[in-house]
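run-v5.pdb follows; it contains PDB, C-alpha atoms, pLDDT in the B column.
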ATOM      1  CA  MET V   1     -26.084  24.603 -43.789  1.00 46.00           C
ATOM      2  CA  ALA V   2     -28.635  25.749 -41.256  1.00 64.00           C
ATOM      3  CA  GLY V   3     -30.610  23.314 -39.188  1.00 79.00           C
ATOM      4  CA  LYS V   4     -30.089  19.635 -38.678  1.00 90.00           C
ATOM      5  CA  SER V   5     -27.594  17.566 -40.605  1.00 95.00           C
ATOM      6  CA  PHE V   6     -28.862  14.240 -41.857  1.00 95.00           C
ATOM      7  CA  THR V   7     -25.262  13.098 -42.218  1.00 94.00           C
ATOM      8  CA  ARG V   8     -24.774  13.711 -38.500  1.00 95.00           C
ATOM      9  CA  ILE V   9     -28.141  12.205 -37.564  1.00 96.00           C
ATOM     10  CA  THR V  10     -27.531   8.974 -39.472  1.00 96.00           C
ATOM     11  CA  GLY V  11     -23.956   8.777 -38.189  1.00 96.00           C
ATOM     12  CA  ASP V  12     -24.979   9.258 -34.569  1.00 96.00           C
ATOM     13  CA  VAL V  13     -27.814   6.758 -34.814  1.00 96.00           C
ATOM     14  CA  SER V  14     -25.524   4.249 -36.556  1.00 96.00           C
ATOM     15  CA  LYS V  15     -23.183   4.406 -33.559  1.00 97.00           C
ATOM     16  CA  ALA V  16     -26.048   3.825 -31.140  1.00 96.00           C
ATOM     17  CA  LEU V  17     -27.327   0.951 -33.275  1.00 97.00           C
ATOM     18  CA  ALA V  18     -23.860  -0.625 -33.140  1.00 97.00           C
ATOM     19  CA  THR V  19     -24.132  -0.574 -29.351  1.00 96.00           C
ATOM     20  CA  LEU V  20     -27.543  -2.229 -29.549  1.00 96.00           C
ATOM     21  CA  ARG V  21     -26.172  -4.878 -31.944  1.00 96.00           C
ATOM     22  CA  LYS V  22     -23.431  -5.624 -29.409  1.00 97.00           C
ATOM     23  CA  GLU V  23     -25.547  -5.561 -26.263  1.00 97.00           C
ATOM     24  CA  ALA V  24     -28.866  -6.902 -27.606  1.00 97.00           C
ATOM     25  CA  PRO V  25     -27.656  -9.117 -30.479  1.00 97.00           C
ATOM     26  CA  ASP V  26     -30.631 -11.475 -30.730  1.00 97.00           C
ATOM     27  CA  ALA V  27     -33.207  -8.702 -30.970  1.00 97.00           C
ATOM     28  CA  MET V  28     -31.096  -6.777 -33.470  1.00 96.00           C
ATOM     29  CA  LYS V  29     -30.515  -9.889 -35.623  1.00 97.00           C
ATOM     30  CA  GLY V  30     -34.271 -10.404 -35.668  1.00 97.00           C
ATOM     31  CA  PHE V  31     -34.923  -6.802 -36.667  1.00 96.00           C
ATOM     32  CA  SER V  32     -32.242  -6.965 -39.360  1.00 96.00           C
ATOM     33  CA  ALA V  33     -33.743 -10.161 -40.792  1.00 97.00           C
ATOM     34  CA  LEU V  34     -37.177  -8.513 -40.817  1.00 97.00           C
ATOM     35  CA  ALA V  35     -35.822  -5.464 -42.634  1.00 96.00           C
ATOM     36  CA  GLN V  36     -33.950  -7.553 -45.216  1.00 96.00           C
ATOM     37  CA  GLY V  37     -36.982  -9.741 -45.864  1.00 96.00           C
ATOM     38  CA  ALA V  38     -39.363  -6.812 -46.155  1.00 96.00           C
ATOM     39  CA  LEU V  39     -37.146  -4.708 -48.434  1.00 96.00           C
ATOM     40  CA  GLN V  40     -35.876  -7.346 -50.838  1.00 95.00           C
ATOM     41  CA  GLU V  41     -36.866  -7.174 -54.493  1.00 94.00           C
ATOM     42  CA  GLY V  42     -40.137  -8.959 -55.195  1.00 96.00           C
ATOM     43  CA  SER V  43     -43.372  -8.181 -56.993  1.00 98.00           C
ATOM     44  CA  VAL V  44     -42.867  -4.692 -55.556  1.00 97.00           C
ATOM     45  CA  SER V  45     -39.462  -3.295 -56.482  1.00 97.00           C
ATOM     46  CA  ALA V  46     -36.850  -2.501 -53.850  1.00 97.00           C
ATOM     47  CA  LEU V  47     -37.034   1.153 -54.930  1.00 98.00           C
ATOM     48  CA  HIS V  48     -40.790   1.294 -54.377  1.00 97.00           C
ATOM     49  CA  LYS V  49     -40.454  -0.438 -51.013  1.00 98.00           C
ATOM     50  CA  GLU V  50     -37.937   2.212 -49.943  1.00 97.00           C
ATOM     51  CA  LEU V  51     -40.307   4.954 -51.117  1.00 98.00           C
ATOM     52  CA  ILE V  52     -43.003   3.401 -48.924  1.00 97.00           C
ATOM     53  CA  ALA V  53     -40.563   3.223 -46.003  1.00 97.00           C
ATOM     54  CA  LEU V  54     -39.645   6.885 -46.509  1.00 97.00           C
ATOM     55  CA  ALA V  55     -43.316   7.879 -46.573  1.00 97.00           C
ATOM     56  CA  ILE V  56     -43.887   6.075 -43.278  1.00 96.00           C
ATOM     57  CA  GLY V  57     -40.769   7.698 -41.795  1.00 96.00           C
ATOM     58  CA  VAL V  58     -41.991  11.140 -42.880  1.00 97.00           C
ATOM     59  CA  SER V  59     -45.480  10.444 -41.514  1.00 95.00           C
ATOM     60  CA  SER V  60     -43.960   9.217 -38.243  1.00 95.00           C
ATOM     61  CA  ARG V  61     -41.720  12.319 -38.079  1.00 94.00           C
ATOM     62  CA  CYS V  62     -38.571  10.219 -37.681  1.00 96.00           C
ATOM     63  CA  ASP V  63     -35.429  12.126 -38.698  1.00 97.00           C
ATOM     64  CA  ALA V  64     -33.219   9.027 -38.662  1.00 97.00           C
ATOM     65  CA  CYS V  65     -35.742   7.077 -40.767  1.00 97.00           C
ATOM     66  CA  ILE V  66     -35.789   9.904 -43.288  1.00 97.00           C
ATOM     67  CA  GLY V  67     -31.993   9.978 -43.436  1.00 97.00           C
ATOM     68  CA  PHE V  68     -31.484   6.229 -43.775  1.00 97.00           C
ATOM     69  CA  HIS V  69     -34.249   5.736 -46.347  1.00 97.00           C
ATOM     70  CA  VAL V  70     -33.215   8.737 -48.456  1.00 97.00           C
ATOM     71  CA  LYS V  71     -29.651   7.349 -48.528  1.00 97.00           C
ATOM     72  CA  ALA V  72     -31.003   3.950 -49.614  1.00 97.00           C
ATOM     73  CA  LEU V  73     -33.184   5.571 -52.268  1.00 98.00           C
ATOM     74  CA  ILE V  74     -30.225   7.463 -53.718  1.00 97.00           C
ATOM     75  CA  ARG V  75     -28.256   4.202 -53.809  1.00 96.00           C
ATOM     76  CA  LEU V  76     -31.188   2.586 -55.665  1.00 97.00           C
ATOM     77  CA  GLY V  77     -31.274   5.425 -58.220  1.00 97.00           C
ATOM     78  CA  VAL V  78     -34.421   7.290 -57.161  1.00 98.00           C
ATOM     79  CA  THR V  79     -35.217  10.274 -59.335  1.00 98.00           C
ATOM     80  CA  ARG V  80     -36.075  13.621 -57.812  1.00 97.00           C
ATOM     81  CA  GLU V  81     -39.498  13.317 -59.469  1.00 98.00           C
ATOM     82  CA  GLN V  82     -40.189   9.941 -57.794  1.00 98.00           C
ATOM     83  CA  LEU V  83     -39.183  11.392 -54.435  1.00 98.00           C
ATOM     84  CA  MET V  84     -41.363  14.485 -54.872  1.00 98.00           C
ATOM     85  CA  GLU V  85     -44.429  12.484 -55.966  1.00 98.00           C
ATOM     86  CA  THR V  86     -44.062  10.199 -52.953  1.00 97.00           C
ATOM     87  CA  LEU V  87     -43.769  13.193 -50.628  1.00 97.00           C
ATOM     88  CA  ALA V  88     -46.824  14.795 -52.252  1.00 97.00           C
ATOM     89  CA  VAL V  89     -48.948  11.702 -51.535  1.00 96.00           C
ATOM     90  CA  CYS V  90     -47.511  11.523 -48.040  1.00 95.00           C
ATOM     91  CA  THR V  91     -48.451  15.157 -47.409  1.00 95.00           C
ATOM     92  CA  TYR V  92     -51.935  14.633 -48.851  1.00 95.00           C
ATOM     93  CA  MET V  93     -52.514  11.806 -46.381  1.00 94.00           C
ATOM     94  CA  GLY V  94     -50.837  13.442 -43.370  1.00 93.00           C
ATOM     95  CA  GLY V  95     -51.549  17.153 -43.626  1.00 93.00           C
ATOM     96  CA  GLY V  96     -49.474  20.067 -42.350  1.00 93.00           C
ATOM     97  CA  PRO V  97     -47.179  18.299 -39.862  1.00 91.00           C
ATOM     98  CA  THR V  98     -46.311  15.722 -42.516  1.00 94.00           C
ATOM     99  CA  LEU V  99     -45.572  18.547 -44.962  1.00 94.00           C
ATOM    100  CA  MET V 100     -42.913  19.866 -42.575  1.00 94.00           C
ATOM    101  CA  TYR V 101     -41.195  16.459 -42.528  1.00 94.00           C
ATOM    102  CA  ALA V 102     -41.614  16.085 -46.293  1.00 95.00           C
ATOM    103  CA  ALA V 103     -39.539  19.266 -46.512  1.00 95.00           C
ATOM    104  CA  GLU V 104     -36.966  17.608 -44.221  1.00 95.00           C
ATOM    105  CA  ALA V 105     -36.825  14.655 -46.641  1.00 96.00           C
ATOM    106  CA  VAL V 106     -36.074  17.120 -49.457  1.00 96.00           C
ATOM    107  CA  ARG V 107     -33.272  18.590 -47.329  1.00 94.00           C
ATOM    108  CA  ALA V 108     -31.884  15.097 -46.684  1.00 96.00           C
ATOM    109  CA  TYR V 109     -32.016  14.282 -50.414  1.00 96.00           C
ATOM    110  CA  GLU V 110     -30.204  17.499 -51.299  1.00 96.00           C
ATOM    111  CA  GLU V 111     -27.591  16.967 -48.552  1.00 95.00           C
ATOM    112  CA  PHE V 112     -26.793  13.390 -49.567  1.00 95.00           C
ATOM    113  CA  THR V 113     -26.835  14.026 -53.338  1.00 95.00           C
ATOM    114  CA  ALA V 114     -24.488  17.015 -52.889  1.00 92.00           C
ATOM    115  CA  GLN V 115     -22.075  14.732 -50.993  1.00 90.00           C
ATOM    116  CA  ALA V 116     -22.209  12.153 -53.786  1.00 84.00           C
ATOM    117  CA  GLU V 117     -21.193  14.711 -56.433  1.00 82.00           C
TER     118      GLU V 117
END
Transcribe the structure of this file into structure tokens.
Amino acid sequence: MAGKSFTRITGDVSKALATLRKEAPDAMKGFSALAQGALQEGSVSALHKELIALAIGVSSRCDACIGFHVKALIRLGVTREQLMETLAVCTYMGGGPTLMYAAEAVRAYEEFTAQAE
């Protein structure tokens, strides 16, 4: 595969996050609690919350965010159609640079779904 590997990106960032959890435990516990509270099932489904998180990650041009949220979406059973519609709205709102990262999200989806097969 040419280009970046989202498996490698998420693995490398996970290692760095483990260091942060060890060396800045209070801040990381707070962030983890925030994430769990924000993403839990509610009047908006966990799947839709992850789609929103992915859209923000794409708009922010964050490779690790794309990788982690695509993995979560696959775990939650996202369909390719749901992913593509979310990326279309994201591109509409963010223009050309967002389109380039929407394409990266497609690459991440294809990389992680191929691993799951």
I need the residue set behind the PyMOL selection byres ((chain V and resi 71) around 12) for this file; please write it as a CSV table (one decimal) with C-alpha atoms, keeping the file's coordinate frame.
chain,number,residue,atom,x,y,z
V,6,PHE,CA,-28.9,14.2,-41.9
V,7,THR,CA,-25.3,13.1,-42.2
V,10,THR,CA,-27.5,9.0,-39.5
V,11,GLY,CA,-24.0,8.8,-38.2
V,47,LEU,CA,-37.0,1.2,-54.9
V,50,GLU,CA,-37.9,2.2,-49.9
V,51,LEU,CA,-40.3,5.0,-51.1
V,53,ALA,CA,-40.6,3.2,-46.0
V,54,LEU,CA,-39.6,6.9,-46.5
V,64,ALA,CA,-33.2,9.0,-38.7
V,65,CYS,CA,-35.7,7.1,-40.8
V,66,ILE,CA,-35.8,9.9,-43.3
V,67,GLY,CA,-32.0,10.0,-43.4
V,68,PHE,CA,-31.5,6.2,-43.8
V,69,HIS,CA,-34.2,5.7,-46.3
V,70,VAL,CA,-33.2,8.7,-48.5
V,72,ALA,CA,-31.0,4.0,-49.6
V,73,LEU,CA,-33.2,5.6,-52.3
V,74,ILE,CA,-30.2,7.5,-53.7
V,75,ARG,CA,-28.3,4.2,-53.8
V,76,LEU,CA,-31.2,2.6,-55.7
V,77,GLY,CA,-31.3,5.4,-58.2
V,78,VAL,CA,-34.4,7.3,-57.2
V,83,LEU,CA,-39.2,11.4,-54.4
V,105,ALA,CA,-36.8,14.7,-46.6
V,106,VAL,CA,-36.1,17.1,-49.5
V,107,ARG,CA,-33.3,18.6,-47.3
V,108,ALA,CA,-31.9,15.1,-46.7
V,109,TYR,CA,-32.0,14.3,-50.4
V,110,GLU,CA,-30.2,17.5,-51.3
V,111,GLU,CA,-27.6,17.0,-48.6
V,112,PHE,CA,-26.8,13.4,-49.6
V,113,THR,CA,-26.8,14.0,-53.3
V,114,ALA,CA,-24.5,17.0,-52.9
V,115,GLN,CA,-22.1,14.7,-51.0
V,116,ALA,CA,-22.2,12.2,-53.8
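Using all atoms listed in the file, the smallest distance between any of V:Leu87, V:Lys29, V:Ala103, V:Asp63 and Ser5 of chain V comes from V:Asp63.
From atom CA of Val13 of chain V back to atom CA of Ser60 of chain V, the distance works out to 16.7 Å.
Atom CA of Lys15 of chain V to atom CA of Gly30 of chain V spans 18.6 Å [interatomic distance, one decimal].
Atom CA of Ala46 of chain V is positioned 24.0 Å from atom CA of Ala27 of chain V.
Among the candidates V:Thr19, V:Gly96, V:His48, V:Gly3, the one nearest to Thr79 of chain V when counting all atoms listed in the file is V:His48.
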*asked:* Could you check the closest approach to Gly94 of chain V for each of V:Glu81, V:Glu117, V:Leu39, V:Ala55 and tell me which residue wins, using only C-alpha atoms?
replied: V:Ala55
What are the centre and edge lengths in Å, to one decimal, of the axis-aligned box around all listed atoms of segment 5-20 of chain V with 3 Å added on each side, as AutoDock Vina command-line options?
--center_x -26.0 --center_y 7.7 --center_z -35.8 --size_x 11.7 --size_y 25.8 --size_z 18.9
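Closest approach to Glu104 of chain V from the set V:Ser59, V:Ser14, V:Ser32, V:Ser45 is made by V:Ser59, with distances taken over all atoms listed in the file.
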*Nearest to Ala16 of chain V: which of V:Arg61, V:Gln36, V:Pro97, V:Met28 is it, counting all atoms listed in the file?*
V:Met28
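The closest residue to Ile9 of chain V, picked from V:Val44, V:Ile56, V:Cys62, V:Ala24 and counting only C-alpha atoms, is V:Cys62.
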